[in-house]
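Working notes for the structure below.
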Amino acid sequence: VNTHPPEKLDGPGEGSPQVAQLARTWDDGHGLLALLGANNHKGTGLRFIVTAFGFFIAAGILAGMMRMQLAQPDNTLLGPDLYNQVFTLHGTAMMFLFAVPVMQGMGLYLVPMMIGTRTTAFPRMSAYGYWVYLFGGLMIFVAFLLDIGPENGWFSYPPLAGPEYSAGKRADFWAQMITFTEVAGLLVAVDLTTTILKLRAPGMTLARMPLFVWAILVDSLMIIFGMPAVVLASTMLIMDRLVGTHFFNPADGGSPLLWQHLFWFFGHPEVYFIFIPGLGFISMIISTFSRRPAYGYPALVLSLVSTGFLSFGLWVHHMFATSVPELGKVFFTAMSMMIAIPTATQIFCWIATLWMGRLNLKTPLLYILGFFFILVIGGLTGLILGSTALDVQVHDTYFVVAHLHYVLIGGAVFPLFGAWYYWFPKVTGRLMDERLGKLNFWLFFIGFNVAFWPMHHLGIAGMPRRVYTYPSEMGWGPLNLLATVGAVMIVVSVLVFIFNVWRSARAGEPAGANPWGAASLEWAIASPAPSYNFTAIPVVGSREPLWEPVETGPRRVSGLATDMREILSTTVVDAQPDHRHVSPDPSIWIFISAVATTVLFIASIFSPWAVVWLSIPVAVALVGWFWPKGDETEEHLAIETRPVIVEDRHA
Amino acid sequence: MAPFQHMLQVAGPQAERIAQLWWFVVALCALVFVAIMVALVIALVRRPRGDATTPPDADAMRRPERGARLAVTWGVALSIVGLFALTLSSVVTDRALAQLPLHEAVNIDVTGNQWWWDVRYDDPEPSKIFSTANEIVIPVGRPVLLRLRGGDVIHSFWVPNLAGKKDLIPGHETTLAIRADKPGTYRGQCAEFCGLQHAFMAFEVKAVAADEFARWQEAQRKPAAEPGDDRQKRGRELFLSGTCQMCHAIQGTTASARRAPDLTHVASRRTLAAGRLANTPPNMAAWILDPHKFKPGVNMPAHIIGQQDLDALVAYLGALK
């Protein structure tokens, strides 16, 4: 029996005391202390996005340093040691501190609103993950600023990164940064998976899930399966360096190739951790700006799922130049070709959508059109790398640098910028400026191609990757200079973007709840989104809930407590109401636990004993976090009865 | 200077097969790219415009959209055919690369070290084995089987005009078969990041006629030339009494260390320090004084040595033809 007083249940619309109560309950509060303990999904998501953007800028500055160094032959601007640190940190930060976290942040921010709920399944866990990620990222940049940054590349191959050839603690900072980001990445992936499977609004069956949510689901499951490989590998590397194990030491029966297998078993899927959320953005944006549902929903979903599976069978194409048996090469070549099929399917479905739609050519759609041009080139050069015979020529040359930037910037960063223009109103309540947006796009698009197209030619002309300079007689100077000019254009375009965000957040055109006339649930919420998302949980009857509202039966679920963070859990496949669940409040223990974890991780770079002694503060912090509170539990149990669907024909 | 490190300017059958595959794949990819872009541009040009208030076509999901279905199905089907063609052509090329006839092959052991190449010409007769560094001379038209080893960290052997690359991995021996059909000098470079001087770990493969190769081999097998004058004698004395012989070997003397390039016939080589400098007496002197000026981080230390002694040392090394 539900003993909760009815005036403390949600349901009444805007302006009611119940909604005011909801706003208080779901608000994390203000001030520094409140921020440290905050766990609202939008706050956590936004912190991930803003922090990742900060690392994007920092890693971009490093890219600028490299382009300055390579602009002319025999340049002495950066010495080899600094250059090696710079390219290592550029790759490491872009992959681990920008691309994966920013996509997870977008998921944390958007998914609960898109699936019609008020929070994620484990909001404290993601909030903790954020702090761990932030501290890990800061650690590696502080190490770099102290001139003890890692210098073995983002792939950190032993024996070069092993104890014998990489003195000091540089490689350990790298390996421990992996630990930080993997803890964060795995926790957020678990949170998002559970959220998507258990917290969807009633009626949002798997077959009605927005394509972005599908993308995040596939992405999170991939992270859960892929990341443990690199956690294992980096831990083995630290052990080789710190306590004298010999996992990768060939002189003692270890194998440098073991590292490569473990690293790329994670490393290739990682490209898809970054790419798949981008595919989700594209489906959402194309649908909205074509004024029709994306064509081929089942094909698009199956493409995402099959990309997820296939991406785990490609890793050896990073290792064709080692000695791979002939039959093995054929398998991995075939797999590398096969993964183009789901991507091609999606591209054809999107073009069909555009073909049959009525196009609204706003900045978000421009970024998606830019995606088509860039990603198709990157995908096709990817086929070249997938072919063993061709790969042994272009592998580890600037051709690969060109390819990977075409894929990652075209496949993830362009859709991401489109997504930022698209969802900015939901965060700030204001639209971003269109004129600046178009300027931003064209500078980025042209600058990108000027910067990276010449690198294809440099690779063919024999320029290897990761060289800090090159002799002038090699003839690589002019194209490198051109690439640097393109890089300058990209810098200008990102400055335009930052200016646009700054100005639009203050003086942009007010957006209203649904400025683009979009179909998914987040646009049913006011802009900026209130802390509680929905005044009552919506009921969903189609894939396009705002374009096709439920016609018969209830449109909303009411009766969740307003004075505690209560949410509705539904069944995995059909999203039938299952039970009510009280989500945890903010807690300062989140931050304390993250600090204790950070101290343990950093200290264990220097002494294995840190793992022993410093696990005590971590245990204390976690006990504080999970300390049972009798009254609260009883109160929660009292209201955890089966929910009642109340018909509400006025909504 | 004309490009001499280029994967499409082929000088042997391995690189040639890869280049043929390259042009096939690039042509097919260009076709696909143009087709997709044309479809996209047509979609953009022909469709009516809308805005946020245009009523959405939500009904589309329930309409049988036969045209789109047909187009997407054909697109995917053609993609599968194209991908199959790419896979097949790649596998066929790969088989051909693996089947280079190795009859009467020259056997060479190459060891990659930070940041130079140790080159050892193998022979069934032990007395005919000799070593050189950073320069590989091969006979035109005869296959060469390279046995590749990583001496410290992983390196990668790459002469794009002749063949694809192959890694040199500590603890895992790999092999690479090449053949040069055109005489000439082809530059190669380490392609796997190997530390501070990865950028300057180059080498040259010189393809020469069979008789020239035989003469070269004969010369390389000889011990080092005796000093011709007192200055060179002084140079040898310095070499053997100083730090040089702790790392370098000169056959025919007591210097036999293998931590650095074999200098028995150093004067016959075109470059110094793995392609970093032209092999001239002033460069040799500058290199001995301060190698870190040219290759920061290199394992060879700087030397404090008087001008006269330096001249003597350079004169001795310059005579080691």
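In the structure tokens, each chain is lettered A, B, ... as it comes, each chain's residues begin at 1, and ligands are numbered from 1 in order of appearance.
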Inset, instruction - For chain A, work out the contacting residues on chain B at 7 Å, counting only C-alpha atoms, and write them as a PyMOL selection string. - result: chain B and resi 1+3+5-7+18+22+29+33+40+43+47-54+56-58+60-61+68+72+75-76+79-80+83+87+90-91+93-94+153+160+164-167+170-171+174+191-194+196+198-199
Legend entry - Backbone-only DSSP, alpha helix (DSSP H) members of stretch 71-230 of chain B, as JSON, numbers by chain: {"B": [71, 72, 73, 74, 75, 76, 77, 78, 79, 80, 81, 82, 83, 84, 85, 86, 87, 88, 89, 90, 91, 92, 93, 94, 95, 96, 97, 98, 210, 211, 212, 213, 214, 215, 216, 217, 218, 219, 220, 221, 230]}
Legend entry - Surrounding residues of stretch 92-95 of chain A excluding itself and chain neighbours under 4 positions, 7 Å, only C-alpha atoms, as a VMD selection string: chain A and resid 55 to 56 59 88 99 to 100 154
Dump of N, CA and C atoms for the selected residues, as a compact mmCIF listing (two decimals), in the first residue's frame:
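What ended up in part-v8.txt:
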```txt
# COMPACT_ATOMS: atom_id res chain seq x y z
N PHE A 55 40.03 19.68 -22.85
CA PHE A 55 41.14 18.81 -23.28
C PHE A 55 41.30 18.84 -24.80
N PHE A 56 40.17 19.02 -25.51
CA PHE A 56 40.22 19.14 -26.98
C PHE A 56 41.04 20.38 -27.36
N ALA A 59 44.74 19.64 -26.41
CA ALA A 59 45.35 18.73 -27.38
C ALA A 59 45.46 19.39 -28.75
N THR A 88 52.72 12.42 -28.36
CA THR A 88 52.14 11.40 -27.48
C THR A 88 50.93 11.96 -26.74
N ALA A 99 37.66 12.39 -26.92
CA ALA A 99 36.66 11.77 -27.79
C ALA A 99 35.72 10.83 -27.04
N VAL A 100 36.26 9.92 -26.23
CA VAL A 100 35.38 8.98 -25.54
C VAL A 100 34.57 9.70 -24.47
N TRP A 154 50.73 7.32 -28.21
CA TRP A 154 49.50 6.99 -27.47
C TRP A 154 49.31 5.48 -27.37
```
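Of the listed residues (B:Lys182, B:Arg62, B:Arg270, B:Arg231), B:Lys182 comes nearest to B:Val10; the distances count only C-alpha atoms.
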Inset, instruction - Considering only C-alpha atoms, return as an MDAnalysis selection string whatever protein or nucleic-acid residues lie within 7 Å of stretch 495-501 of chain A, sequence-local ones (same chain, fewer than 5 positions apart) excluded. - result: chainID A and resid 432:433 436 440
For the selection just defined, write its residues with N, CA, C and O atoms to a file, as an mmCIF file, in the first residue's frame.
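Writing done, so here's out_28.cif:
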```cif
data_model
loop_
_atom_site.group_PDB
_atom_site.id
_atom_site.type_symbol
_atom_site.label_atom_id
_atom_site.label_comp_id
_atom_site.auth_asym_id
_atom_site.auth_seq_id
_atom_site.Cartn_x
_atom_site.Cartn_y
_atom_site.Cartn_z
ATOM 1 N N MET A 432 22.020 29.097 -31.088
ATOM 2 C CA MET A 432 23.314 29.646 -31.485
ATOM 3 C C MET A 432 23.151 30.448 -32.764
ATOM 4 O O MET A 432 22.248 30.202 -33.557
ATOM 5 N N ASP A 433 24.057 31.411 -32.929
ATOM 6 C CA ASP A 433 23.956 32.307 -34.067
ATOM 7 C C ASP A 433 24.217 31.546 -35.371
ATOM 8 O O ASP A 433 25.226 30.854 -35.501
ATOM 9 N N LEU A 436 27.364 33.082 -37.621
ATOM 10 C CA LEU A 436 28.648 32.621 -37.079
ATOM 11 C C LEU A 436 28.778 31.111 -37.257
ATOM 12 O O LEU A 436 29.864 30.589 -37.508
ATOM 13 N N ASN A 440 31.810 29.318 -38.988
ATOM 14 C CA ASN A 440 32.497 28.269 -38.247
ATOM 15 C C ASN A 440 32.602 26.997 -39.099
ATOM 16 O O ASN A 440 33.673 26.417 -39.273
#
```
Inset, instruction - Can you list, as a ChimeraX atom specification, all residues belonging to stretch 89-315 of chain B that DSSP tags as strand (DSSP E or B)? - result: /B:106-113,116-121,130-133,135-139,144-150,155-157,166-169,172,174-178,184-189,202-208,249,256,271-272,277-278
Generate a file of the selected residues that holds C-alpha atoms, formatted as a PDB file, in the first residue's frame.
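Listing of out_25.pdb after writing:
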```pdb
ATOM      1  CA  VAL B 106      71.350 -13.295 -51.184  1.00  0.00           C
ATOM      2  CA  ASN B 107      70.883 -13.759 -47.438  1.00  0.00           C
ATOM      3  CA  ILE B 108      71.250 -10.661 -45.321  1.00  0.00           C
ATOM      4  CA  ASP B 109      70.629 -10.260 -41.603  1.00  0.00           C
ATOM      5  CA  VAL B 110      69.435  -6.810 -40.654  1.00  0.00           C
ATOM      6  CA  THR B 111      69.257  -5.776 -37.019  1.00  0.00           C
ATOM      7  CA  GLY B 112      67.566  -2.516 -36.071  1.00  0.00           C
ATOM      8  CA  ASN B 113      69.201  -0.614 -33.247  1.00  0.00           C
ATOM      9  CA  TRP B 116      71.163   2.636 -36.955  1.00  0.00           C
ATOM     10  CA  TRP B 117      71.011  -0.531 -39.029  1.00  0.00           C
ATOM     11  CA  ASP B 118      73.409  -3.400 -38.537  1.00  0.00           C
ATOM     12  CA  VAL B 119      73.756  -5.265 -41.829  1.00  0.00           C
ATOM     13  CA  ARG B 120      75.387  -8.679 -41.937  1.00  0.00           C
ATOM     14  CA  TYR B 121      75.913 -10.620 -45.189  1.00  0.00           C
ATOM     15  CA  PHE B 130      80.960  -9.641 -43.188  1.00  0.00           C
ATOM     16  CA  SER B 131      79.158  -6.702 -41.613  1.00  0.00           C
ATOM     17  CA  THR B 132      78.428  -3.167 -42.647  1.00  0.00           C
ATOM     18  CA  ALA B 133      75.920  -0.565 -41.499  1.00  0.00           C
ATOM     19  CA  GLU B 135      73.890   0.687 -46.440  1.00  0.00           C
ATOM     20  CA  ILE B 136      72.751  -2.437 -48.211  1.00  0.00           C
ATOM     21  CA  VAL B 137      74.228  -3.270 -51.573  1.00  0.00           C
ATOM     22  CA  ILE B 138      72.288  -5.838 -53.592  1.00  0.00           C
ATOM     23  CA  PRO B 139      72.657  -7.306 -57.076  1.00  0.00           C
ATOM     24  CA  VAL B 144      67.360 -10.962 -51.498  1.00  0.00           C
ATOM     25  CA  LEU B 145      66.071 -12.568 -48.332  1.00  0.00           C
ATOM     26  CA  LEU B 146      66.320 -10.243 -45.373  1.00  0.00           C
ATOM     27  CA  ARG B 147      66.198 -11.714 -41.889  1.00  0.00           C
ATOM     28  CA  LEU B 148      65.033  -8.919 -39.617  1.00  0.00           C
ATOM     29  CA  ARG B 149      65.693  -8.635 -35.896  1.00  0.00           C
ATOM     30  CA  GLY B 150      65.037  -5.960 -33.308  1.00  0.00           C
ATOM     31  CA  HIS B 155      61.861  -0.858 -35.655  1.00  0.00           C
ATOM     32  CA  SER B 156      60.441  -1.247 -39.134  1.00  0.00           C
ATOM     33  CA  PHE B 157      62.352  -1.836 -42.353  1.00  0.00           C
ATOM     34  CA  LYS B 166      58.274  -5.313 -42.110  1.00  0.00           C
ATOM     35  CA  ASP B 167      58.837  -4.814 -38.394  1.00  0.00           C
ATOM     36  CA  LEU B 168      62.015  -5.804 -36.580  1.00  0.00           C
ATOM     37  CA  ILE B 169      60.783  -7.102 -33.260  1.00  0.00           C
ATOM     38  CA  HIS B 172      60.568 -12.435 -33.023  1.00  0.00           C
ATOM     39  CA  THR B 174      60.806 -11.778 -39.336  1.00  0.00           C
ATOM     40  CA  THR B 175      61.762 -12.079 -42.992  1.00  0.00           C
ATOM     41  CA  LEU B 176      61.239  -9.925 -46.038  1.00  0.00           C
ATOM     42  CA  ALA B 177      61.974 -10.912 -49.626  1.00  0.00           C
ATOM     43  CA  ILE B 178      62.862  -8.164 -52.060  1.00  0.00           C
ATOM     44  CA  GLY B 184      69.833   2.653 -58.501  1.00  0.00           C
ATOM     45  CA  THR B 185      69.945   3.880 -54.932  1.00  0.00           C
ATOM     46  CA  TYR B 186      66.739   3.636 -52.956  1.00  0.00           C
ATOM     47  CA  ARG B 187      66.311   5.331 -49.636  1.00  0.00           C
ATOM     48  CA  GLY B 188      64.665   3.586 -46.741  1.00  0.00           C
ATOM     49  CA  GLN B 189      63.737   4.719 -43.298  1.00  0.00           C
ATOM     50  CA  ALA B 202      67.569   6.025 -42.553  1.00  0.00           C
ATOM     51  CA  PHE B 203      69.510   3.686 -44.798  1.00  0.00           C
ATOM     52  CA  GLU B 204      70.136   3.140 -48.481  1.00  0.00           C
ATOM     53  CA  VAL B 205      69.681   0.148 -50.665  1.00  0.00           C
ATOM     54  CA  LYS B 206      72.039   0.275 -53.623  1.00  0.00           C
ATOM     55  CA  ALA B 207      71.128  -2.057 -56.476  1.00  0.00           C
ATOM     56  CA  VAL B 208      74.145  -2.749 -58.729  1.00  0.00           C
ATOM     57  CA  ALA B 249      84.558  -2.748 -34.626  1.00  0.00           C
ATOM     58  CA  SER B 256      85.609  -5.775 -32.164  1.00  0.00           C
ATOM     59  CA  THR B 271      76.426   8.658 -45.521  1.00  0.00           C
ATOM     60  CA  LEU B 272      77.214   8.905 -41.825  1.00  0.00           C
ATOM     61  CA  LEU B 277      75.169  13.395 -42.893  1.00  0.00           C
ATOM     62  CA  ALA B 278      77.094  13.044 -46.117  1.00  0.00           C
TER      63      ALA B 278
END
```
Inset, instruction - For A:Val540, work out the shell of residues within 12 Å, counting only C-alpha atoms and skipping chain neighbours fewer than 6 positions away, then give it as a ChimeraX atom specification. - result: /A:114-117,200-210,519-521,546-557,574-576
Inset, instruction - Write out as a PyMOL selection string the residues lying within 12 Å of stretch 23-27 of chain A, counting only C-alpha atoms and excluding same-chain residues fewer than 2 positions away. - result: chain A and resi 8+10+14-21+29-30+34-35+37-43+118-119+123+529-535+561-567+582-586
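Using only C-alpha atoms for every distance, the candidate list B:Leu313, B:Arg215, B:Phe200, B:Leu289 yields B:Phe200 as the residue closest to B:Gly275.
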Legend entry - Residue among B:Gln232, B:Pro296, B:Ile154, B:Arg63 lying closest to B:Glu173, counting only C-alpha atoms: B:Ile154
Legend entry - Surrounding residues of stretch 234-245 of chain B excluding itself and chain neighbours under 5 positions, 12 Å, only C-alpha atoms, as an MDAnalysis selection string: chainID B and resid 224:229 250:264 288 300:320
